[in-house]
$ cat model-v1.txt   # compact mmCIF, C-alpha atoms
# COMPACT_ATOMS: atom_id res chain seq x y z
CA MET R 1 14.10 10.43 27.40
CA GLN R 2 12.51 7.07 26.66
CA GLU R 3 13.67 5.59 23.38
CA LYS R 4 10.15 5.40 21.96
CA ILE R 5 9.59 9.10 22.69
CA LYS R 6 12.89 10.01 21.08
CA PHE R 7 12.10 8.15 17.86
CA MET R 8 8.54 9.45 17.66
CA LYS R 9 9.78 13.01 18.07
CA ALA R 10 12.14 12.34 15.16
CA ALA R 11 9.25 11.02 13.02
CA ILE R 12 7.14 14.09 13.86
CA GLU R 13 10.14 16.28 13.02
CA LEU R 14 10.17 14.75 9.52
CA ALA R 15 6.46 15.59 9.20
CA LYS R 16 7.21 19.19 10.21
CA GLU R 17 9.99 19.48 7.63
CA ASN R 18 7.62 18.16 4.96
CA LEU R 19 5.13 20.84 5.92
CA LYS R 20 7.74 23.40 4.94
CA SER R 21 9.04 21.73 1.78
CA LYS R 22 5.53 20.87 0.45
CA ASN R 23 6.61 17.52 -1.01
CA GLY R 24 3.25 16.15 0.00
CA GLY R 25 1.22 15.75 3.19
CA PRO R 26 2.69 16.47 6.66
CA PHE R 27 3.70 12.91 7.48
CA GLY R 28 6.96 11.27 8.55
CA ALA R 29 7.99 7.72 9.45
CA LEU R 30 10.99 5.73 10.65
CA VAL R 31 11.96 2.07 10.81
CA VAL R 32 14.12 1.20 13.81
CA LYS R 33 16.02 -2.02 14.50
CA ASN R 34 17.98 -2.63 17.71
CA GLY R 35 17.83 1.08 18.56
CA LYS R 36 19.12 2.21 15.16
CA ILE R 37 17.19 4.05 12.45
CA ILE R 38 17.42 1.95 9.25
CA GLY R 39 14.72 3.65 7.16
CA LYS R 40 13.26 7.15 6.93
CA GLY R 41 10.29 8.39 4.94
CA ILE R 42 8.37 11.55 4.26
CA ASN R 43 5.23 11.87 2.16
CA GLN R 44 6.26 12.55 -1.46
CA VAL R 45 2.92 12.03 -3.22
CA VAL R 46 2.86 15.43 -4.86
CA SER R 47 6.56 16.01 -5.52
CA HIS R 48 7.00 12.55 -7.08
CA ASN R 49 3.56 12.17 -8.72
CA ASP R 50 3.24 8.91 -6.80
CA PRO R 51 0.08 8.19 -4.82
CA THR R 52 1.88 5.30 -3.08
CA ALA R 53 4.72 7.52 -1.78
CA HIS R 54 3.49 7.71 1.80
CA ALA R 55 6.05 8.12 4.57
CA GLU R 56 5.66 4.55 5.86
CA ILE R 57 5.98 2.99 2.38
CA ILE R 58 9.19 4.91 1.72
CA ALA R 59 10.64 4.08 5.15
CA ILE R 60 9.80 0.38 4.71
CA ARG R 61 11.38 0.26 1.25
CA GLU R 62 14.52 1.97 2.51
CA ALA R 63 14.83 -0.33 5.54
CA CYS R 64 14.33 -3.44 3.40
CA LYS R 65 16.99 -2.25 0.98
CA TYR R 66 19.34 -1.74 3.93
CA LEU R 67 18.60 -5.20 5.34
CA GLU R 68 18.61 -6.81 1.87
CA ASP R 69 15.43 -8.58 2.87
CA TYR R 70 11.71 -8.16 2.19
CA GLN R 71 10.93 -8.74 5.86
CA LEU R 72 11.43 -6.34 8.77
CA ASP R 73 12.04 -8.95 11.46
CA ASP R 74 12.39 -7.44 14.96
CA CYS R 75 11.87 -3.91 13.64
CA GLU R 76 9.61 -1.15 14.94
CA ILE R 77 7.83 1.42 12.80
CA TYR R 78 7.34 4.95 14.11
CA THR R 79 4.88 7.05 12.17
CA SER R 80 3.59 10.56 12.85
CA CYS R 81 0.07 9.37 11.97
CA GLU R 82 -1.81 6.09 12.25
CA PRO R 83 -1.06 4.17 9.04
CA CYS R 84 -3.73 4.36 6.31
CA PRO R 85 -4.99 1.00 4.97
CA MET R 86 -2.36 1.03 2.20
CA CYS R 87 0.45 1.54 4.73
CA LEU R 88 -1.01 -0.86 7.29
CA GLY R 89 -1.22 -3.45 4.51
CA ALA R 90 2.42 -2.79 3.64
CA ILE R 91 3.34 -3.16 7.32
CA TYR R 92 1.58 -6.53 7.45
CA TRP R 93 3.51 -7.73 4.41
CA ALA R 94 6.80 -6.46 5.94
CA ARG R 95 6.02 -8.01 9.35
CA PRO R 96 7.78 -5.70 11.86
CA LYS R 97 7.18 -6.45 15.53
CA LYS R 98 5.46 -3.22 16.56
CA ILE R 99 3.90 0.01 15.30
CA TYR R 100 4.08 3.33 17.16
CA PHE R 101 1.85 6.12 15.86
CA ALA R 102 1.04 9.67 17.03
CA ALA R 103 -2.00 11.27 15.33
CA SER R 104 -5.04 9.05 14.73
CA ARG R 105 -6.96 8.37 11.51
CA ASN R 106 -9.61 10.77 12.82
CA ASP R 107 -7.03 13.51 13.38
CA ALA R 108 -5.94 12.94 9.74
CA GLU R 109 -9.56 13.19 8.59
CA SER R 110 -9.92 16.50 10.43
CA ALA R 111 -6.88 17.74 8.52
CA GLY R 112 -8.53 16.82 5.19
CA PHE R 113 -7.04 13.39 4.46
CA ASP R 114 -8.99 10.33 3.26
CA ASP R 115 -7.62 7.73 5.68
CA SER R 116 -10.85 7.15 7.60
CA HIS R 117 -12.88 7.13 4.40
CA ILE R 118 -10.65 4.43 2.92
CA TYR R 119 -10.88 2.34 6.12
CA ARG R 120 -14.68 2.48 5.84
CA GLU R 121 -14.60 1.56 2.14
CA ILE R 122 -12.22 -1.39 2.59
CA GLU R 123 -14.56 -3.03 5.07
CA LEU R 124 -17.42 -3.02 2.55
CA PRO R 125 -18.05 -5.91 0.15
CA ASN R 126 -16.83 -5.27 -3.39
CA GLY R 127 -20.23 -4.34 -4.81
CA LYS R 128 -20.89 -1.62 -2.23
CA ARG R 129 -17.75 0.47 -2.66
CA LYS R 130 -17.38 3.87 -4.34
CA ILE R 131 -14.82 2.48 -6.82
CA PRO R 132 -16.66 -0.41 -8.52
CA ALA R 133 -14.90 -3.76 -8.91
CA GLU R 134 -15.87 -6.47 -11.38
CA GLN R 135 -14.60 -10.03 -11.33
CA ILE R 136 -13.86 -11.67 -14.70
CA LEU R 137 -11.87 -14.73 -15.85
CA GLU R 138 -11.50 -16.11 -12.33
CA GLN R 139 -10.75 -19.65 -13.52
CA GLU R 140 -7.85 -18.54 -15.73
CA ALA R 141 -6.24 -16.84 -12.73
CA ILE R 142 -6.91 -19.84 -10.49
CA ASP R 143 -5.08 -21.99 -13.06
CA VAL R 144 -1.99 -19.78 -12.57
CA PHE R 145 -2.22 -20.30 -8.79
CA THR R 146 -2.54 -24.05 -9.33
CA ASN R 147 0.68 -24.05 -11.33
CA TRP R 148 2.28 -21.89 -8.61
CA LYS R 149 1.37 -24.42 -5.94
CA LYS R 150 3.06 -27.18 -7.96
CA LEU R 151 6.27 -25.16 -8.31
CA ILE R 152 9.32 -26.39 -6.41
CA ASP R 153 11.73 -23.81 -4.92
CA LYS R 154 9.27 -20.99 -5.35
CA PRO R 155 9.95 -17.63 -3.70
CA GLU R 156 7.63 -17.75 -0.67
CA TYR R 157 6.78 -14.58 1.25
CA MET N 1 -13.10 -10.14 -27.98
CA GLN N 2 -14.46 -7.66 -25.46
CA GLU N 3 -11.90 -5.08 -24.43
CA LYS N 4 -12.13 -6.00 -20.75
CA ILE N 5 -11.45 -9.67 -21.57
CA LYS N 6 -8.47 -8.72 -23.73
CA PHE N 7 -6.87 -6.61 -21.00
CA MET N 8 -7.53 -9.16 -18.27
CA LYS N 9 -5.94 -11.87 -20.37
CA ALA N 10 -2.89 -9.60 -20.70
CA ALA N 11 -2.76 -9.10 -16.91
CA ILE N 12 -3.00 -12.86 -16.34
CA GLU N 13 -0.27 -13.36 -18.94
CA LEU N 14 2.01 -11.13 -16.83
CA ALA N 15 1.21 -13.32 -13.81
CA LYS N 16 2.13 -16.43 -15.82
CA GLU N 17 5.44 -14.90 -16.90
CA ASN N 18 6.22 -14.05 -13.28
CA LEU N 19 5.56 -17.66 -12.35
CA LYS N 20 8.43 -18.61 -14.64
CA SER N 21 10.85 -15.82 -13.76
CA LYS N 22 10.27 -16.17 -9.97
CA ASN N 23 10.52 -12.43 -9.29
CA GLY N 24 7.84 -12.85 -6.68
CA GLY N 25 4.26 -14.13 -6.50
CA PRO N 26 2.24 -15.01 -9.62
CA PHE N 27 0.48 -11.66 -9.99
CA GLY N 28 0.16 -9.16 -12.84
CA ALA N 29 -1.66 -5.84 -13.25
CA LEU N 30 -2.31 -3.17 -15.86
CA VAL N 31 -3.57 0.41 -15.85
CA VAL N 32 -5.60 1.33 -18.94
CA LYS N 33 -6.77 4.76 -20.06
CA ASN N 34 -8.94 5.29 -23.14
CA GLY N 35 -8.19 1.79 -24.38
CA LYS N 36 -4.41 2.16 -24.01
CA ILE N 37 -2.13 0.42 -21.49
CA ILE N 38 -0.25 3.14 -19.57
CA GLY N 39 1.16 1.07 -16.70
CA LYS N 40 2.23 -2.56 -16.23
CA GLY N 41 3.24 -4.37 -13.08
CA ILE N 42 4.38 -7.77 -11.92
CA ASN N 43 5.05 -8.81 -8.36
CA GLN N 44 8.72 -8.10 -7.55
CA VAL N 45 8.70 -8.56 -3.77
CA VAL N 46 11.44 -11.18 -3.73
CA SER N 47 13.62 -10.00 -6.63
CA HIS N 48 13.66 -6.40 -5.35
CA ASN N 49 13.56 -7.08 -1.59
CA ASP N 50 10.52 -4.82 -1.47
CA PRO N 51 7.37 -5.97 0.33
CA THR N 52 5.43 -3.13 -1.33
CA ALA N 53 6.34 -4.22 -4.87
CA HIS N 54 2.99 -5.79 -5.69
CA ALA N 55 1.83 -5.79 -9.31
CA GLU N 56 -0.85 -3.12 -8.75
CA ILE N 57 1.51 -0.76 -6.90
CA ILE N 58 4.08 -0.98 -9.70
CA ALA N 59 1.45 -0.50 -12.42
CA ILE N 60 -0.02 2.53 -10.59
CA ARG N 61 3.39 4.13 -10.14
CA GLU N 62 4.26 3.59 -13.81
CA ALA N 63 0.91 4.99 -15.01
CA CYS N 64 1.22 8.06 -12.76
CA LYS N 65 4.73 8.69 -14.04
CA TYR N 66 3.39 8.49 -17.61
CA LEU N 67 0.51 10.88 -16.85
CA GLU N 68 2.73 13.15 -14.71
CA ASP N 69 -0.04 13.15 -12.14
CA TYR N 70 -0.71 11.44 -8.82
CA GLN N 71 -4.30 10.71 -9.86
CA LEU N 72 -5.53 8.09 -12.32
CA ASP N 73 -8.60 9.96 -13.55
CA ASP N 74 -10.76 7.91 -15.94
CA CYS N 75 -8.42 4.93 -15.73
CA GLU N 76 -9.21 1.25 -15.18
CA ILE N 77 -7.06 -1.20 -13.26
CA TYR N 78 -6.88 -4.82 -14.38
CA THR N 79 -5.35 -7.20 -11.87
CA SER N 80 -4.97 -10.96 -12.01
CA CYS N 81 -6.07 -11.16 -8.36
CA GLU N 82 -8.36 -9.12 -6.14
CA PRO N 83 -6.18 -6.33 -4.67
CA CYS N 84 -4.85 -6.92 -1.15
CA PRO N 85 -5.60 -4.15 1.41
CA MET N 86 -2.30 -2.42 0.59
CA CYS N 87 -3.11 -2.33 -3.11
CA LEU N 88 -6.78 -1.46 -2.59
CA GLY N 89 -5.63 1.43 -0.40
CA ALA N 90 -3.24 2.55 -3.14
CA ILE N 91 -6.09 2.34 -5.66
CA TYR N 92 -8.25 4.54 -3.44
CA TRP N 93 -5.49 7.14 -3.22
CA ALA N 94 -4.99 7.00 -7.03
CA ARG N 95 -8.75 7.19 -7.73
CA PRO N 96 -9.22 5.27 -11.00
CA LYS N 97 -12.80 4.78 -12.16
CA LYS N 98 -12.98 0.98 -12.05
CA ILE N 99 -11.20 -2.19 -10.92
CA TYR N 100 -11.32 -5.49 -12.81
CA PHE N 101 -9.93 -8.53 -10.99
CA ALA N 102 -9.76 -12.26 -11.77
CA ALA N 103 -8.86 -14.50 -8.80
CA SER N 104 -10.41 -13.64 -5.42
CA ARG N 105 -8.75 -13.05 -2.05
CA ASN N 106 -9.87 -16.57 -1.11
CA ASP N 107 -8.23 -18.05 -4.19
CA ALA N 108 -5.05 -16.20 -3.13
CA GLU N 109 -5.36 -17.61 0.38
CA SER N 110 -5.67 -21.14 -1.05
CA ALA N 111 -2.41 -20.49 -2.92
CA GLY N 112 -0.67 -19.53 0.34
CA PHE N 113 -0.89 -15.73 0.32
CA ASP N 114 -1.90 -13.55 3.28
CA ASP N 115 -4.45 -11.28 1.56
CA SER N 116 -7.51 -12.58 3.43
CA HIS N 117 -5.63 -12.62 6.73
CA ILE N 118 -4.66 -8.96 6.28
CA TYR N 119 -8.25 -8.01 5.39
CA ARG N 120 -9.40 -9.63 8.63
CA GLU N 121 -6.68 -7.87 10.67
CA ILE N 122 -7.36 -4.41 9.19
CA GLU N 123 -10.98 -4.55 10.30
CA LEU N 124 -9.96 -5.12 13.92
CA PRO N 125 -9.40 -2.25 16.35
CA ASN N 126 -5.75 -1.42 16.96
CA GLY N 127 -5.49 -3.27 20.25
CA LYS N 128 -6.75 -6.58 18.85
CA ARG N 129 -4.34 -7.04 15.95
CA LYS N 130 -1.41 -9.45 15.65
CA ILE N 131 1.04 -6.58 15.10
CA PRO N 132 0.58 -4.36 18.19
CA ALA N 133 0.19 -0.61 17.75
CA GLU N 134 0.77 1.98 20.47
CA GLN N 135 -0.25 5.62 20.27
CA ILE N 136 2.15 8.19 21.76
CA LEU N 137 2.63 11.98 21.43
CA GLU N 138 -0.74 12.47 19.69
CA GLN N 139 -0.92 16.18 20.55
CA GLU N 140 2.48 16.94 18.98
CA ALA N 141 1.30 15.38 15.71
CA ILE N 142 -2.05 17.20 15.88
CA ASP N 143 -0.10 20.45 16.18
CA VAL N 144 1.56 19.66 12.83
CA PHE N 145 -1.85 19.09 11.25
CA THR N 146 -3.07 22.38 12.71
CA ASN N 147 -0.19 24.20 11.03
CA TRP N 148 -0.94 22.29 7.83
CA LYS N 149 -4.54 23.48 7.86
CA LYS N 150 -3.36 27.09 8.15
CA LEU N 151 -1.03 26.72 5.16
CA ILE N 152 -1.95 28.59 1.99
CA ASP N 153 -1.23 26.94 -1.41
CA LYS N 154 -0.64 23.58 0.16
CA PRO N 155 -0.37 20.49 -2.07
CA GLU N 156 -3.83 18.90 -1.63
CA TYR N 157 -4.44 15.30 -2.69

$ encode --input "model-v1.txt" --output "structure tokens"
Amino acid sequence: MQEKIKFMKAAIELAKENLKSKNGGPFGALVVKNGKIIGKGINQVVSHNDPTAHAEIIAIREACKYLEDYQLDDCEIYTSCEPCPMCLGAIYWARPKKIYFAASRNDAESAGFDDSHIYREIELPNGKRKIPAEQILEQEAIDVFTNWKKLIDKPEY
Amino acid sequence: MQEKIKFMKAAIELAKENLKSKNGGPFGALVVKNGKIIGKGINQVVSHNDPTAHAEIIAIREACKYLEDYQLDDCEIYTSCEPCPMCLGAIYWARPKKIYFAASRNDAESAGFDDSHIYREIELPNGKRKIPAEQILEQEAIDVFTNWKKLIDKPEY
């Protein structure tokens, strides 16, 4: 069996287990480096009262802890469903080399999940979204960035 | 002082403190419910080796823990910078009623952060992004969703 098929089957298996345990939605994810699983995640939104506890987020956090790094250089992410915008954002910050996914955002929508809705909302300008956003005190926050830019030995990421 | 100004100043103050402590980027966020702060976050990406440890994510997780819920009904989020796609996605899953932000994604870009870049990438179709994504075994994952839909008393969110 091709390696990518093997790992995706394992990610889908995690989703199946979560279906039984009812920790949260039926989603599973893995982070793999050099053919070795270094992070595993299942959706724990409901069991942990944590809306950020998606499978990919948990797998990324576990893999980063293992690597003692905040970057997933040369890693692959296997997820049973196309990452939602939150998880895709997390993947971009973690910078793995490739994403493998099984179900699509539309398959997730058909199963009752908001992924597609959130993709549509994120592409809208701030004033047109369902959750309103108001900008205040911009200059005070810019001043913090200005001081950040002057900082020597700052933690870049 | 208007309440929204008071809370935003507090969020920016967290960002300033983080500038000194070098836990991560100069970002701070608060979750407020009925005029009370119920979650606080600073960026801890570098100090915790966690690329998901943005100020908003930490504040949301803390507020949800306090409320013992995975939803932030009737809450407001104050963040020193416009949420990145990861954090905006998390906000959509948490469903607060309003977002207040200070610096913009462009201000963040000027300070060297990838927020705008990730917004541009997320809007692209899968095949056109910098991190490649490949879909495999879709039907096996759809089968899990089909079983999910049949489930009685499932944890909806």

$ residues_around --input "model-v1.txt" --residues "N:Gly35" --least-positions-apart "5" --cutoff "12 Å" --atoms "all atoms listed in the file" --output "short mmCIF file (atom, residue, chain, number, x, y, z; two decimals) with C-alpha atoms, in the frame of the given file"
data_model
loop_
_atom_site.label_atom_id
_atom_site.label_comp_id
_atom_site.auth_asym_id
_atom_site.auth_seq_id
_atom_site.Cartn_x
_atom_site.Cartn_y
_atom_site.Cartn_z
CA GLN N 2 -14.46 -7.66 -25.46
CA GLU N 3 -11.90 -5.08 -24.43
CA LYS N 4 -12.13 -6.00 -20.75
CA LYS N 6 -8.47 -8.72 -23.73
CA PHE N 7 -6.87 -6.61 -21.00
CA LEU N 30 -2.31 -3.17 -15.86
CA ASP N 74 -10.76 7.91 -15.94
CA CYS N 75 -8.42 4.93 -15.73
CA GLU N 76 -9.21 1.25 -15.18
CA ILE N 77 -7.06 -1.20 -13.26
#

$ closest_atom_pairs --input "model-v1.txt" --of "stretch 68-141 of chain N" --to "stretch 9-13 of chain R" --cutoff "10 Å" --atoms "only C-alpha atoms" --output "Markdown table"
| residue | atom | partner | partner_atom | distance |
| --- | --- | --- | --- | --- |
| N:Ile136 | CA | R:Lys9 | CA | 9.8 |
| N:Leu137 | CA | R:Lys9 | CA | 8.0 |
| N:Glu138 | CA | R:Ile12 | CA | 9.9 |
| N:Glu140 | CA | R:Ile12 | CA | 7.5 |
| N:Ala141 | CA | R:Ile12 | CA | 6.3 |

$ write_last_selection --input "model-v1.txt" --atoms "C-alpha atoms" --output "PDB file, in the coordinates of the input"
ATOM      1  CA  ILE N 136       2.150   8.190  21.760  1.00  0.00           C
ATOM      2  CA  LEU N 137       2.630  11.980  21.430  1.00  0.00           C
ATOM      3  CA  GLU N 138      -0.740  12.470  19.690  1.00  0.00           C
ATOM      4  CA  GLU N 140       2.480  16.940  18.980  1.00  0.00           C
ATOM      5  CA  ALA N 141       1.300  15.380  15.710  1.00  0.00           C
TER       6      ALA N 141
END

$ atom_distance --input "model-v1.txt" --atom1 "atom CA of N:Ile118" --atom2 "atom CA of N:Met86"
9.0 Å

$ residues_near_point --input "model-v1.txt" --point "(6.7, -2.2, 17.0)" --cutoff "9 Å" --atoms "all atoms listed in the file" --output "list of chain:residue names"
R:Val32, R:Asp74, R:Cys75, R:Glu76, R:Ile77, R:Tyr78, R:Pro96, R:Lys97, R:Lys98, R:Ile99, R:Tyr100, N:Ile131, N:Pro132, N:Ala133, N:Glu134

$ residues_around --input "model-v1.txt" --residues "stretch 37-41 of chain R" --least-positions-apart "3" --cutoff "7 Å" --atoms "only C-alpha atoms" --output "ChimeraX atom specification"
/R:28-33,55-56,58-60,62-63,66

$ write_last_selection --input "model-v1.txt" --atoms "C-alpha atoms" --output "compact mmCIF listing (two decimals), in the frame of the given file"
# COMPACT_ATOMS: atom_id res chain seq x y z
CA GLY R 28 6.96 11.27 8.55
CA ALA R 29 7.99 7.72 9.45
CA LEU R 30 10.99 5.73 10.65
CA VAL R 31 11.96 2.07 10.81
CA VAL R 32 14.12 1.20 13.81
CA LYS R 33 16.02 -2.02 14.50
CA ALA R 55 6.05 8.12 4.57
CA GLU R 56 5.66 4.55 5.86
CA ILE R 58 9.19 4.91 1.72
CA ALA R 59 10.64 4.08 5.15
CA ILE R 60 9.80 0.38 4.71
CA GLU R 62 14.52 1.97 2.51
CA ALA R 63 14.83 -0.33 5.54
CA TYR R 66 19.34 -1.74 3.93

$ residues_around --input "model-v1.txt" --residues "stretch 16-22 of chain R" --least-positions-apart "4" --cutoff "8 Å" --atoms "all atoms listed in the file" --output "JSON, numbers by chain"
{"R": [12, 26, 27, 28, 42, 43, 47], "N": [144, 148, 154, 155]}
